[in-house]
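Listing of my_file_0.cif, mmCIF, C-alpha atoms and all ligand atoms
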```
data_input
loop_
_atom_site.group_PDB
_atom_site.id
_atom_site.type_symbol
_atom_site.label_atom_id
_atom_site.label_comp_id
_atom_site.auth_asym_id
_atom_site.auth_seq_id
_atom_site.Cartn_x
_atom_site.Cartn_y
_atom_site.Cartn_z
ATOM 1 C CA MET A 330 0.000 0.000 0.000
ATOM 2 C CA LEU A 331 2.653 2.437 1.050
ATOM 3 C CA GLN A 332 4.596 1.704 -2.101
ATOM 4 C CA GLU A 333 1.637 2.522 -4.231
ATOM 5 C CA ALA A 334 1.121 5.876 -2.516
ATOM 6 C CA SER A 335 4.707 6.935 -2.974
ATOM 7 C CA SER A 336 4.773 6.019 -6.621
ATOM 8 C CA LYS A 337 1.658 8.117 -7.156
ATOM 9 C CA HIS A 338 2.863 11.243 -5.357
ATOM 10 C CA GLY A 339 6.599 11.177 -5.945
ATOM 11 C CA LEU A 340 8.303 12.542 -9.035
ATOM 12 C CA ALA A 341 7.225 10.789 -12.217
ATOM 13 C CA ALA A 342 9.856 9.256 -14.473
ATOM 14 C CA GLY A 343 11.788 12.025 -16.237
ATOM 15 C CA GLU A 344 10.158 14.772 -14.138
ATOM 16 C CA GLN A 345 12.593 17.373 -12.802
ATOM 17 C CA CYS A 346 12.205 19.808 -10.001
ATOM 18 C CA THR A 347 14.617 22.150 -8.271
ATOM 19 C CA PRO A 348 13.505 22.720 -4.691
ATOM 20 C CA GLN A 349 12.854 26.355 -3.784
ATOM 21 C CA ASN A 350 15.604 27.743 -1.564
ATOM 22 C CA PRO A 351 14.002 29.177 1.584
ATOM 23 C CA ASP A 352 15.846 32.442 0.929
ATOM 24 C CA TRP A 353 14.600 32.472 -2.686
ATOM 25 C CA THR A 354 18.110 32.740 -4.124
ATOM 26 C CA ILE A 355 18.949 31.075 -7.410
ATOM 27 C CA ASP A 356 22.066 30.783 -9.496
ATOM 28 C CA GLN A 357 22.508 33.863 -11.683
ATOM 29 C CA GLY A 358 23.249 31.524 -14.586
ATOM 30 C CA TRP A 359 25.552 34.110 -16.114
ATOM 31 C CA ALA A 360 26.761 31.762 -18.884
ATOM 32 C CA ASN A 361 23.160 31.326 -20.065
ATOM 33 C CA TYR A 362 22.505 34.940 -21.089
ATOM 34 C CA THR A 363 22.016 35.244 -24.846
ATOM 35 C CA ALA A 364 23.726 37.759 -27.120
ATOM 36 C CA GLN A 365 20.373 39.578 -27.392
ATOM 37 C CA GLU A 366 20.124 39.887 -23.616
ATOM 38 C CA HIS A 367 23.645 41.309 -23.378
ATOM 39 C CA ALA A 368 22.703 43.703 -26.199
ATOM 40 C CA VAL A 369 19.700 45.013 -24.215
ATOM 41 C CA TRP A 370 22.038 45.685 -21.302
ATOM 42 C CA LYS A 371 24.437 47.526 -23.635
ATOM 43 C CA THR A 372 21.652 49.762 -24.979
ATOM 44 C CA LEU A 373 20.435 50.615 -21.489
ATOM 45 C CA PHE A 374 23.937 51.078 -20.119
ATOM 46 C CA GLU A 375 25.078 53.392 -22.905
ATOM 47 C CA ARG A 376 22.132 55.758 -22.913
ATOM 48 C CA GLN A 377 22.125 56.007 -19.105
ATOM 49 C CA THR A 378 25.875 56.514 -18.872
ATOM 50 C CA LYS A 379 25.663 59.527 -21.204
ATOM 51 C CA LEU A 380 23.021 61.113 -19.018
ATOM 52 C CA LEU A 381 24.173 60.520 -15.462
ATOM 53 C CA PRO A 382 27.397 62.562 -15.159
ATOM 54 C CA SER A 383 25.279 65.734 -14.940
ATOM 55 C CA LEU A 384 22.352 64.198 -13.035
ATOM 56 C CA ALA A 385 23.612 61.603 -10.524
ATOM 57 C CA CYS A 386 25.298 62.445 -7.221
ATOM 58 C CA ASP A 387 29.061 62.106 -6.686
ATOM 59 C CA GLU A 388 28.643 58.995 -4.509
ATOM 60 C CA PHE A 389 26.760 57.194 -7.292
ATOM 61 C CA LEU A 390 29.332 58.102 -9.957
ATOM 62 C CA ASP A 391 32.241 57.151 -7.640
ATOM 63 C CA GLY A 392 30.696 53.775 -6.874
ATOM 64 C CA MET A 393 30.016 53.079 -10.534
ATOM 65 C CA ALA A 394 33.605 53.935 -11.515
ATOM 66 C CA LYS A 395 35.001 51.352 -9.083
ATOM 67 C CA LEU A 396 32.701 48.471 -10.100
ATOM 68 C CA PRO A 397 33.029 45.913 -12.902
ATOM 69 C CA ILE A 398 29.914 47.311 -14.596
ATOM 70 C CA GLY A 399 30.298 48.246 -18.263
ATOM 71 C CA ALA A 400 28.746 48.298 -21.719
ATOM 72 C CA GLU A 401 30.062 44.868 -22.687
ATOM 73 C CA GLY A 402 27.217 42.975 -21.072
ATOM 74 C CA ILE A 403 25.247 41.914 -18.009
ATOM 75 C CA PRO A 404 27.661 41.872 -15.055
ATOM 76 C CA ASP A 405 28.599 38.635 -13.304
ATOM 77 C CA PHE A 406 27.355 38.845 -9.695
ATOM 78 C CA ARG A 407 30.423 36.955 -8.426
ATOM 79 C CA ARG A 408 32.738 39.666 -9.757
ATOM 80 C CA LEU A 409 30.480 42.441 -8.466
ATOM 81 C CA SER A 410 30.347 40.848 -5.026
ATOM 82 C CA ASP A 411 34.147 40.508 -4.870
ATOM 83 C CA VAL A 412 34.528 44.283 -5.238
ATOM 84 C CA LEU A 413 31.520 45.213 -3.112
ATOM 85 C CA ARG A 414 32.579 42.913 -0.262
ATOM 86 C CA LYS A 415 35.971 44.661 -0.036
ATOM 87 C CA HIS A 416 34.417 48.121 0.167
ATOM 88 C CA THR A 417 31.327 47.717 2.347
ATOM 89 C CA GLY A 418 30.867 44.012 3.086
ATOM 90 C CA TRP A 419 27.819 43.716 0.807
ATOM 91 C CA GLU A 420 27.196 41.082 -1.843
ATOM 92 C CA VAL A 421 24.733 40.611 -4.679
ATOM 93 C CA VAL A 422 22.590 37.444 -4.785
ATOM 94 C CA ALA A 423 20.332 36.380 -7.647
ATOM 95 C CA VAL A 424 16.537 36.039 -7.244
ATOM 96 C CA PRO A 425 13.861 35.329 -9.861
ATOM 97 C CA GLY A 426 12.023 38.657 -9.315
ATOM 98 C CA LEU A 427 10.102 40.167 -6.404
ATOM 99 C CA VAL A 428 10.470 38.101 -3.241
ATOM 100 C CA PRO A 429 8.235 38.134 -0.135
ATOM 101 C CA ASP A 430 8.820 41.113 2.167
ATOM 102 C CA GLU A 431 10.334 39.056 5.024
ATOM 103 C CA VAL A 432 12.746 37.358 2.640
ATOM 104 C CA PHE A 433 13.761 40.723 1.189
ATOM 105 C CA PHE A 434 14.321 42.236 4.651
ATOM 106 C CA ASP A 435 16.335 39.247 5.839
ATOM 107 C CA HIS A 436 18.719 39.596 2.893
ATOM 108 C CA LEU A 437 19.193 43.320 3.448
ATOM 109 C CA ALA A 438 19.687 42.886 7.195
ATOM 110 C CA ASN A 439 22.558 40.517 6.306
ATOM 111 C CA ARG A 440 24.081 42.782 3.644
ATOM 112 C CA ARG A 441 22.949 40.698 0.707
ATOM 113 C CA PHE A 442 21.299 42.625 -2.090
ATOM 114 C CA PRO A 443 18.747 40.484 -3.983
ATOM 115 C CA SER A 444 18.901 41.223 -7.697
ATOM 116 C CA GLY A 445 16.620 39.919 -10.409
ATOM 117 C CA ASN A 446 18.716 37.773 -12.765
ATOM 118 C CA PHE A 447 16.547 38.426 -15.842
ATOM 119 C CA ILE A 448 16.652 41.436 -18.153
ATOM 120 C CA ARG A 449 13.739 43.306 -19.745
ATOM 121 C CA LYS A 450 12.806 42.625 -23.384
ATOM 122 C CA PRO A 451 13.870 45.016 -26.175
ATOM 123 C CA HIS A 452 10.265 46.327 -26.519
ATOM 124 C CA GLU A 453 9.996 47.240 -22.818
ATOM 125 C CA LEU A 454 13.120 49.350 -22.332
ATOM 126 C CA ASP A 455 11.265 52.074 -20.428
ATOM 127 C CA TYR A 456 8.668 50.105 -18.543
ATOM 128 C CA LEU A 457 8.787 47.036 -16.365
ATOM 129 C CA GLU A 458 6.719 45.576 -13.572
ATOM 130 C CA GLU A 459 9.358 43.711 -11.632
ATOM 131 C CA PRO A 460 12.892 44.855 -10.909
ATOM 132 C CA ASP A 461 15.291 43.326 -13.452
ATOM 133 C CA VAL A 462 19.071 43.079 -13.439
ATOM 134 C CA PHE A 463 19.475 46.540 -14.979
ATOM 135 C CA HIS A 464 17.431 48.257 -12.277
ATOM 136 C CA ASP A 465 18.954 46.239 -9.457
ATOM 137 C CA VAL A 466 22.590 46.300 -10.550
ATOM 138 C CA PHE A 467 22.951 49.582 -12.422
ATOM 139 C CA GLY A 468 20.530 51.433 -10.121
ATOM 140 C CA HIS A 469 21.307 50.034 -6.660
ATOM 141 C CA VAL A 470 24.793 48.559 -6.563
ATOM 142 C CA PRO A 471 26.819 51.798 -7.066
ATOM 143 C CA MET A 472 25.239 53.332 -3.942
ATOM 144 C CA LEU A 473 26.001 50.138 -1.963
ATOM 145 C CA MET A 474 29.700 51.039 -2.424
ATOM 146 C CA ASN A 475 29.045 54.026 -0.159
ATOM 147 C CA PRO A 476 29.505 53.242 3.565
ATOM 148 C CA VAL A 477 26.544 55.392 4.667
ATOM 149 C CA MET A 478 24.158 53.883 2.142
ATOM 150 C CA ALA A 479 25.498 50.422 2.973
ATOM 151 C CA ASP A 480 24.543 50.883 6.639
ATOM 152 C CA TYR A 481 21.273 52.617 5.822
ATOM 153 C CA ILE A 482 19.929 49.821 3.626
ATOM 154 C CA GLN A 483 20.955 47.214 6.188
ATOM 155 C CA ALA A 484 19.088 49.212 8.854
ATOM 156 C CA TYR A 485 16.030 49.202 6.596
ATOM 157 C CA GLY A 486 16.161 45.413 6.471
ATOM 158 C CA GLN A 487 16.305 45.259 10.261
ATOM 159 C CA ALA A 488 13.501 47.806 10.605
ATOM 160 C CA GLY A 489 11.358 45.887 8.134
ATOM 161 C CA LEU A 490 10.830 42.872 10.346
ATOM 162 C CA ARG A 491 9.840 45.107 13.272
ATOM 163 C CA ALA A 492 7.519 47.253 11.140
ATOM 164 C CA GLN A 493 5.774 44.115 9.932
ATOM 165 C CA CYS A 494 5.050 43.008 13.513
ATOM 166 C CA LEU A 495 3.759 46.465 14.414
ATOM 167 C CA GLY A 496 1.554 46.754 11.324
ATOM 168 C CA LYS A 497 3.583 49.712 10.033
ATOM 169 C CA LEU A 498 5.108 48.174 6.921
ATOM 170 C CA PRO A 499 3.289 50.460 4.461
ATOM 171 C CA GLN A 500 4.681 53.479 6.333
ATOM 172 C CA LEU A 501 8.240 52.112 6.424
ATOM 173 C CA ALA A 502 8.069 51.160 2.750
ATOM 174 C CA ARG A 503 7.360 54.828 1.948
ATOM 175 C CA VAL A 504 10.697 55.770 3.511
ATOM 176 C CA TYR A 505 12.480 53.223 1.301
ATOM 177 C CA TRP A 506 10.556 54.433 -1.717
ATOM 178 C CA TYR A 507 11.292 58.134 -1.246
ATOM 179 C CA THR A 508 14.968 57.579 -0.348
ATOM 180 C CA VAL A 509 16.572 54.397 -1.737
ATOM 181 C CA GLU A 510 14.358 54.322 -4.852
ATOM 182 C CA PHE A 511 13.441 57.951 -5.604
ATOM 183 C CA GLY A 512 15.720 60.109 -3.471
ATOM 184 C CA LEU A 513 17.410 63.344 -4.540
ATOM 185 C CA VAL A 514 20.317 65.001 -2.724
ATOM 186 C CA GLU A 515 21.526 68.611 -2.611
ATOM 187 C CA GLN A 516 25.065 68.970 -3.913
ATOM 188 C CA ALA A 517 27.322 71.967 -4.663
ATOM 189 C CA ASN A 518 26.287 71.818 -8.326
ATOM 190 C CA GLY A 519 22.547 71.491 -7.653
ATOM 191 C CA LEU A 520 20.062 68.676 -7.022
ATOM 192 C CA ARG A 521 21.346 65.237 -7.919
ATOM 193 C CA ILE A 522 19.936 61.689 -8.070
ATOM 194 C CA TYR A 523 20.823 58.960 -5.578
ATOM 195 C CA GLY A 524 17.627 56.845 -5.846
ATOM 196 C CA ALA A 525 17.928 53.657 -7.897
ATOM 197 C CA GLY A 526 14.459 53.892 -9.434
ATOM 198 C CA ILE A 527 15.461 57.210 -10.990
ATOM 199 C CA ALA A 528 19.094 56.407 -11.773
ATOM 200 C CA SER A 529 18.048 53.361 -13.803
ATOM 201 C CA SER A 530 15.317 55.223 -15.751
ATOM 202 C CA PHE A 531 16.172 57.163 -18.920
ATOM 203 C CA THR A 532 13.024 59.291 -18.819
ATOM 204 C CA GLU A 533 12.668 59.813 -15.070
ATOM 205 C CA SER A 534 16.298 60.766 -14.502
ATOM 206 C CA LYS A 535 15.756 63.924 -16.559
ATOM 207 C CA PHE A 536 12.214 64.516 -15.270
ATOM 208 C CA SER A 537 13.157 64.254 -11.586
ATOM 209 C CA VAL A 538 15.995 66.800 -11.742
ATOM 210 C CA GLN A 539 15.032 69.153 -14.582
ATOM 211 C CA ASP A 540 11.284 69.155 -15.246
ATOM 212 C CA LEU A 541 9.161 71.985 -13.783
ATOM 213 C CA SER A 542 6.257 69.631 -13.048
ATOM 214 C CA PRO A 543 7.219 67.707 -9.870
ATOM 215 C CA ASN A 544 7.604 69.138 -6.359
ATOM 216 C CA ARG A 545 11.031 68.898 -4.750
ATOM 217 C CA LEU A 546 10.658 69.006 -0.979
ATOM 218 C CA GLY A 547 13.030 68.719 1.960
ATOM 219 C CA PHE A 548 13.030 65.206 3.407
ATOM 220 C CA ASN A 549 11.229 64.802 6.728
ATOM 221 C CA LEU A 550 10.757 61.325 8.188
ATOM 222 C CA GLU A 551 7.258 61.589 9.617
ATOM 223 C CA ARG A 552 6.007 63.602 6.630
ATOM 224 C CA VAL A 553 7.264 60.918 4.251
ATOM 225 C CA MET A 554 5.764 58.091 6.330
ATOM 226 C CA ARG A 555 2.371 59.780 5.873
ATOM 227 C CA THR A 556 2.730 60.202 2.103
ATOM 228 C CA HIS A 557 1.362 57.815 -0.523
ATOM 229 C CA TYR A 558 3.418 57.162 -3.634
ATOM 230 C CA ARG A 559 2.800 56.300 -7.274
ATOM 231 C CA ILE A 560 4.087 53.010 -8.599
ATOM 232 C CA ASP A 561 2.724 53.371 -12.138
ATOM 233 C CA ASP A 562 4.218 56.666 -13.317
ATOM 234 C CA PHE A 563 6.751 59.410 -12.522
ATOM 235 C CA GLN A 564 6.572 60.717 -8.949
ATOM 236 C CA GLU A 565 4.615 63.925 -8.289
ATOM 237 C CA SER A 566 6.995 64.835 -5.454
ATOM 238 C CA TYR A 567 10.622 64.010 -4.780
ATOM 239 C CA PHE A 568 12.107 64.331 -1.300
ATOM 240 C CA VAL A 569 15.551 65.837 -1.023
ATOM 241 C CA VAL A 570 18.200 65.134 1.634
ATOM 242 C CA LYS A 571 20.878 67.751 2.392
ATOM 243 C CA ASN A 572 23.620 65.179 2.008
ATOM 244 C CA ILE A 573 24.000 61.406 2.028
ATOM 245 C CA ALA A 574 25.085 61.554 5.693
ATOM 246 C CA GLU A 575 21.510 62.594 6.556
ATOM 247 C CA LEU A 576 20.568 58.969 5.909
ATOM 248 C CA LEU A 577 22.943 57.816 8.631
ATOM 249 C CA GLU A 578 21.008 59.812 11.239
ATOM 250 C CA LEU A 579 17.841 58.290 9.852
ATOM 251 C CA ALA A 580 19.239 54.790 10.348
ATOM 252 C CA SER A 581 19.848 55.443 14.049
ATOM 253 C CA ILE A 582 16.401 56.867 14.903
ATOM 254 C CA ASP A 583 14.088 54.638 16.967
ATOM 255 C CA PHE A 584 11.016 54.412 14.755
ATOM 256 C CA GLY A 585 8.827 53.198 17.656
ATOM 257 C CA PRO A 586 7.711 56.664 18.829
ATOM 258 C CA VAL A 587 7.335 57.820 15.212
ATOM 259 C CA TYR A 588 5.035 54.871 14.429
ATOM 260 C CA ALA A 589 3.000 55.728 17.539
ATOM 261 C CA ARG A 590 2.449 59.291 16.280
ATOM 262 C CA LEU A 591 1.279 57.945 12.926
ATOM 263 C CA ASP A 592 -1.745 56.352 14.604
ATOM 264 C CA SER A 593 -3.368 59.780 14.551
ATOM 265 C CA GLY A 594 -3.150 62.666 12.122
ATOM 266 C CA PRO A 595 -3.392 62.926 8.352
ATOM 267 C CA GLU A 596 -2.115 60.990 5.375
ATOM 268 C CA TYR A 597 -0.971 62.916 2.313
ATOM 269 C CA GLN A 598 -1.403 62.408 -1.410
ATOM 270 C CA PRO A 599 1.657 62.219 -3.662
ATOM 271 C CA GLY A 600 1.282 65.779 -5.012
ATOM 272 C CA ASP A 601 0.488 67.588 -1.739
ATOM 273 C CA VAL A 602 2.624 70.533 -0.619
ATOM 274 C CA LEU A 603 2.214 71.485 3.057
ATOM 275 C CA PRO A 604 2.838 74.755 4.890
ATOM 276 C CA ALA A 605 5.558 73.050 6.957
ATOM 277 C CA ASP A 606 7.418 71.700 3.904
ATOM 278 C CA ARG A 607 10.837 73.018 2.981
ATOM 279 C CA VAL A 608 10.014 73.724 -0.668
ATOM 280 C CA LEU A 609 13.008 73.616 -3.017
ATOM 281 C CA HIS A 610 10.782 73.684 -6.069
ATOM 282 C CA ARG A 611 7.017 74.090 -6.159
ATOM 283 C CA GLY A 612 5.966 71.902 -9.092
ATOM 284 C CA THR A 613 3.548 73.111 -11.757
ATOM 285 C CA GLY A 614 1.955 69.639 -11.689
ATOM 286 C CA LYS A 615 1.579 69.928 -15.467
ATOM 287 C CA TYR A 616 2.792 66.441 -16.338
ATOM 288 C CA HIS A 617 0.228 64.629 -14.188
ATOM 289 C CA LEU A 618 -2.584 67.110 -15.005
ATOM 290 C CA ASP A 619 -2.071 66.471 -18.729
ATOM 291 C CA ARG A 620 -2.170 62.733 -18.123
ATOM 292 C CA ARG A 621 -5.406 62.940 -16.118
ATOM 293 C CA GLN A 622 -7.048 64.958 -18.904
ATOM 294 C CA GLY A 623 -5.850 62.319 -21.373
HETATM 295 N N1 LIG B 701 11.888 41.903 -3.793
HETATM 296 N N2 LIG B 701 13.494 41.401 -5.370
HETATM 297 C C1 LIG B 701 12.839 42.319 -4.633
HETATM 298 N N3 LIG B 701 13.157 43.630 -4.772
HETATM 299 C C2 LIG B 701 12.510 44.588 -4.046
HETATM 300 O O1 LIG B 701 12.829 45.785 -4.184
HETATM 301 C C3 LIG B 701 11.501 44.193 -3.162
HETATM 302 C C4 LIG B 701 11.211 42.816 -3.042
HETATM 303 N N4 LIG B 701 10.247 42.406 -2.190
HETATM 304 C C5 LIG B 701 9.528 43.343 -1.356
HETATM 305 C C6 LIG B 701 9.895 44.747 -1.597
HETATM 306 N N5 LIG B 701 10.816 45.090 -2.416
HETATM 307 C C7 LIG B 701 9.204 45.890 -0.935
HETATM 308 O O2 LIG B 701 7.842 45.764 -1.102
HETATM 309 C C8 LIG B 701 9.638 46.065 0.530
HETATM 310 O O3 LIG B 701 10.671 47.042 0.535
HETATM 311 C C9 LIG B 701 8.527 46.537 1.399
HETATM 312 FE FE FE B 702 14.806 48.909 -6.477
#
```
Just give me the structure as structure tokens.
Ligand code: HBI
Ligand code: FE
Amino acid sequence: MLQEASSKHGLAAGEQCTPQNPDWTIDQGWANYTAQEHAVWKTLFERQTKLLPSLACDEFLDGMAKLPIGAEGIPDFRRLSDVLRKHTGWEVVAVPGLVPDEVFFDHLANRRFPSGNFIRKPHELDYLEEPDVFHDVFGHVPMLMNPVMADYIQAYGQAGLRAQCLGKLPQLARVYWYTVEFGLVEQANGLRIYGAGIASSFTESKFSVQDLSPNRLGFNLERVMRTHYRIDDFQESYFVVKNIAELLELASIDFGPVYARLDSGPEYQPGDVLPADRVLHRGTGKYHLDRRQG
């Protein structure tokens, strides 16, 4: 009887199955990328590399210059990790796409950056639903070479597990969104990009720094935790830190009392500008108005 059951429920002849790692990591499979996939990387890399010297912050450009990231093709995570490990103790691990929040936080808390191993298709250069290797590597890894950012993202991973228990994950995720993904920083030569979601986007990198439409507001922790964000289009507001070191202070704040204050008081829409905001640029809102009118 037992034998019959196991033959029915076990793997059938010729059936293959790779068990899911509990941490969701996979092999990058670098040798399996096709020439077309490397060519997509090259296209993205070249157009972004022309743009960023005048738009990205010094820390981003410094990090990029020291990494084995180039036009020749999709980087090998083992080589990236060798360099990253020496500078800040981080490494890059491959995942198939978005992973569950707790898995994501656990990686970050242990200085492992999960990167999608796939690359977008040639017809979706400017739009994708899940983070691919270009967003994750080109956008995030240069900033992980910076010691402040390295500690800040680890602190986010640690904070994530606590926020989940306290029911404050949506609020914490807004901090990640408006800093790590869409943050701007004031530098001697003007506002510059440090957020990976912008740095890896051809259209948004120009829009975020140069367009008159979006608001550019001084970063304030509680204000940001109360502010919804857009995932389907350019941001209506960008939050600006005075320098990258401001993130280090942020990493050392006990969020407990801040979460408690969030239980009362307002939530804000992405385009809101408040009397208490430090307004660096009051956006015309034109871009999103035009879109709403179709
Ligand atoms: N998984 N691979 C990947 N990349 C992310 O940026 C990511 C994720 N899972 C969850 C997640 N981000 C966010 O929703 C958390 O920061 C809240
Ligand atoms: Fe990202």
Neighbours of ligand FE 702 (chain B) within 12 Å, counting all atoms listed in the file, as a PDB file with C-alpha atoms, keeping the file's coordinate frame?
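Below is the file pocket07.pdb, written as the result:
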```pdb
ATOM      1  CA  GLY A 426      12.023  38.657  -9.315  1.00  0.00           C
ATOM      2  CA  LEU A 427      10.102  40.167  -6.404  1.00  0.00           C
ATOM      3  CA  PHE A 433      13.761  40.723   1.189  1.00  0.00           C
ATOM      4  CA  PHE A 442      21.299  42.625  -2.090  1.00  0.00           C
ATOM      5  CA  PRO A 443      18.747  40.484  -3.983  1.00  0.00           C
ATOM      6  CA  SER A 444      18.901  41.223  -7.697  1.00  0.00           C
ATOM      7  CA  GLY A 445      16.620  39.919 -10.409  1.00  0.00           C
ATOM      8  CA  LEU A 457       8.787  47.036 -16.365  1.00  0.00           C
ATOM      9  CA  GLU A 458       6.719  45.576 -13.572  1.00  0.00           C
ATOM     10  CA  GLU A 459       9.358  43.711 -11.632  1.00  0.00           C
ATOM     11  CA  PRO A 460      12.892  44.855 -10.909  1.00  0.00           C
ATOM     12  CA  ASP A 461      15.291  43.326 -13.452  1.00  0.00           C
ATOM     13  CA  VAL A 462      19.071  43.079 -13.439  1.00  0.00           C
ATOM     14  CA  PHE A 463      19.475  46.540 -14.979  1.00  0.00           C
ATOM     15  CA  HIS A 464      17.431  48.257 -12.277  1.00  0.00           C
ATOM     16  CA  ASP A 465      18.954  46.239  -9.457  1.00  0.00           C
ATOM     17  CA  VAL A 466      22.590  46.300 -10.550  1.00  0.00           C
ATOM     18  CA  PHE A 467      22.951  49.582 -12.422  1.00  0.00           C
ATOM     19  CA  GLY A 468      20.530  51.433 -10.121  1.00  0.00           C
ATOM     20  CA  HIS A 469      21.307  50.034  -6.660  1.00  0.00           C
ATOM     21  CA  VAL A 470      24.793  48.559  -6.563  1.00  0.00           C
ATOM     22  CA  MET A 472      25.239  53.332  -3.942  1.00  0.00           C
ATOM     23  CA  ILE A 482      19.929  49.821   3.626  1.00  0.00           C
ATOM     24  CA  ALA A 502       8.069  51.160   2.750  1.00  0.00           C
ATOM     25  CA  TYR A 505      12.480  53.223   1.301  1.00  0.00           C
ATOM     26  CA  TRP A 506      10.556  54.433  -1.717  1.00  0.00           C
ATOM     27  CA  TYR A 507      11.292  58.134  -1.246  1.00  0.00           C
ATOM     28  CA  THR A 508      14.968  57.579  -0.348  1.00  0.00           C
ATOM     29  CA  VAL A 509      16.572  54.397  -1.737  1.00  0.00           C
ATOM     30  CA  GLU A 510      14.358  54.322  -4.852  1.00  0.00           C
ATOM     31  CA  PHE A 511      13.441  57.951  -5.604  1.00  0.00           C
ATOM     32  CA  GLY A 512      15.720  60.109  -3.471  1.00  0.00           C
ATOM     33  CA  TYR A 523      20.823  58.960  -5.578  1.00  0.00           C
ATOM     34  CA  GLY A 524      17.627  56.845  -5.846  1.00  0.00           C
ATOM     35  CA  ALA A 525      17.928  53.657  -7.897  1.00  0.00           C
ATOM     36  CA  GLY A 526      14.459  53.892  -9.434  1.00  0.00           C
ATOM     37  CA  ILE A 527      15.461  57.210 -10.990  1.00  0.00           C
ATOM     38  CA  ALA A 528      19.094  56.407 -11.773  1.00  0.00           C
ATOM     39  CA  SER A 529      18.048  53.361 -13.803  1.00  0.00           C
ATOM     40  CA  SER A 530      15.317  55.223 -15.751  1.00  0.00           C
ATOM     41  CA  ILE A 560       4.087  53.010  -8.599  1.00  0.00           C
TER      42      ILE A 560
END
```
Exercise. For Gly519 in chain A, list every protein, DNA or RNA residue within 10 Å, evaluated using only C-alpha atoms, and leave out those in the same chain fewer than 5 positions away; present the list as number ranges by chain.
Key: A: 383-384, 386, 514, 538
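Nearest residue to Val553 in chain A, choosing from A:Lys571, A:Arg503, A:Lys535, A:Arg376 and counting only C-alpha atoms: A:Arg503.
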Exercise. Tell me which protein, DNA and RNA residues are within 12 Å of Leu498 in chain A, counting all atoms listed in the file, leaving out same-chain ones fewer than 3 positions away, and put them as an NGL selection string.
Key: :A and (430-431 or 434 or 485-486 or 488-495 or 501-506 or 554-555 or 584 or 588)
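A straight line drawn from CA of Phe389 in chain A to CA of Arg521 in chain A is 9.7 Å long.
Considering all atoms listed in the file, the residue among A:Thr354, A:Asn518, A:Ser537, A:Thr363 positioned nearest to ligand LIG 701 (chain B) is A:Thr354.
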Exercise. On this file, the PyMOL selection byres (((chain A and resi 593-605) around 7) and not hetatm) gives some set of residues; write that set as a PyMOL selection string.
Key: chain A and resi 555-558+565-566+590-592+606-607
Emit the selected residues as a short mmCIF file (atom, residue, chain, number, x, y, z; two decimals), in the frame of the given file, including C-alpha atoms.
```
data_model
loop_
_atom_site.label_atom_id
_atom_site.label_comp_id
_atom_site.auth_asym_id
_atom_site.auth_seq_id
_atom_site.Cartn_x
_atom_site.Cartn_y
_atom_site.Cartn_z
CA ARG A 555 2.37 59.78 5.87
CA THR A 556 2.73 60.20 2.10
CA HIS A 557 1.36 57.82 -0.52
CA TYR A 558 3.42 57.16 -3.63
CA GLU A 565 4.62 63.92 -8.29
CA SER A 566 7.00 64.83 -5.45
CA ARG A 590 2.45 59.29 16.28
CA LEU A 591 1.28 57.94 12.93
CA ASP A 592 -1.74 56.35 14.60
CA ASP A 606 7.42 71.70 3.90
CA ARG A 607 10.84 73.02 2.98
#
```
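Nearest-residue note for ligand LIG 701 (chain B): choosing from A:Phe447, A:Trp419, A:Trp370, A:Trp359, the minimum distance belongs to A:Phe447, counting only C-alpha atoms and all ligand atoms.
Distance check against ligand LIG 701 (chain B) using all atoms listed in the file: of A:Leu409, A:Ala368, A:Ala360, A:Val422, the minimum falls on A:Val422.
The two atoms in question, CA of His416 in chain A and CA of Ala580 in chain A, are spaced 19.5 Å apart.
Among A:Val369, A:Ile398, A:Leu413, A:Ala438, the residue with the shortest atom-to-atom distance to ligand LIG 701 (chain B), counting all atoms listed in the file, is A:Ala438.
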Exercise. For the structure provided, state which residues fall under the PyMOL selection byres (((chain A and resi 615) around 10) and not hetatm), and present them as a ChimeraX atom specification.
Key: /A:540-543,565,612-614,616-621
Quiz item: With all atoms listed in the file as the atoms that count, which of A:Thr417, A:Asn446, A:Thr378, A:Asn361 lies nearest to ligand LIG 701 (chain B)?
Solution: A:Asn446
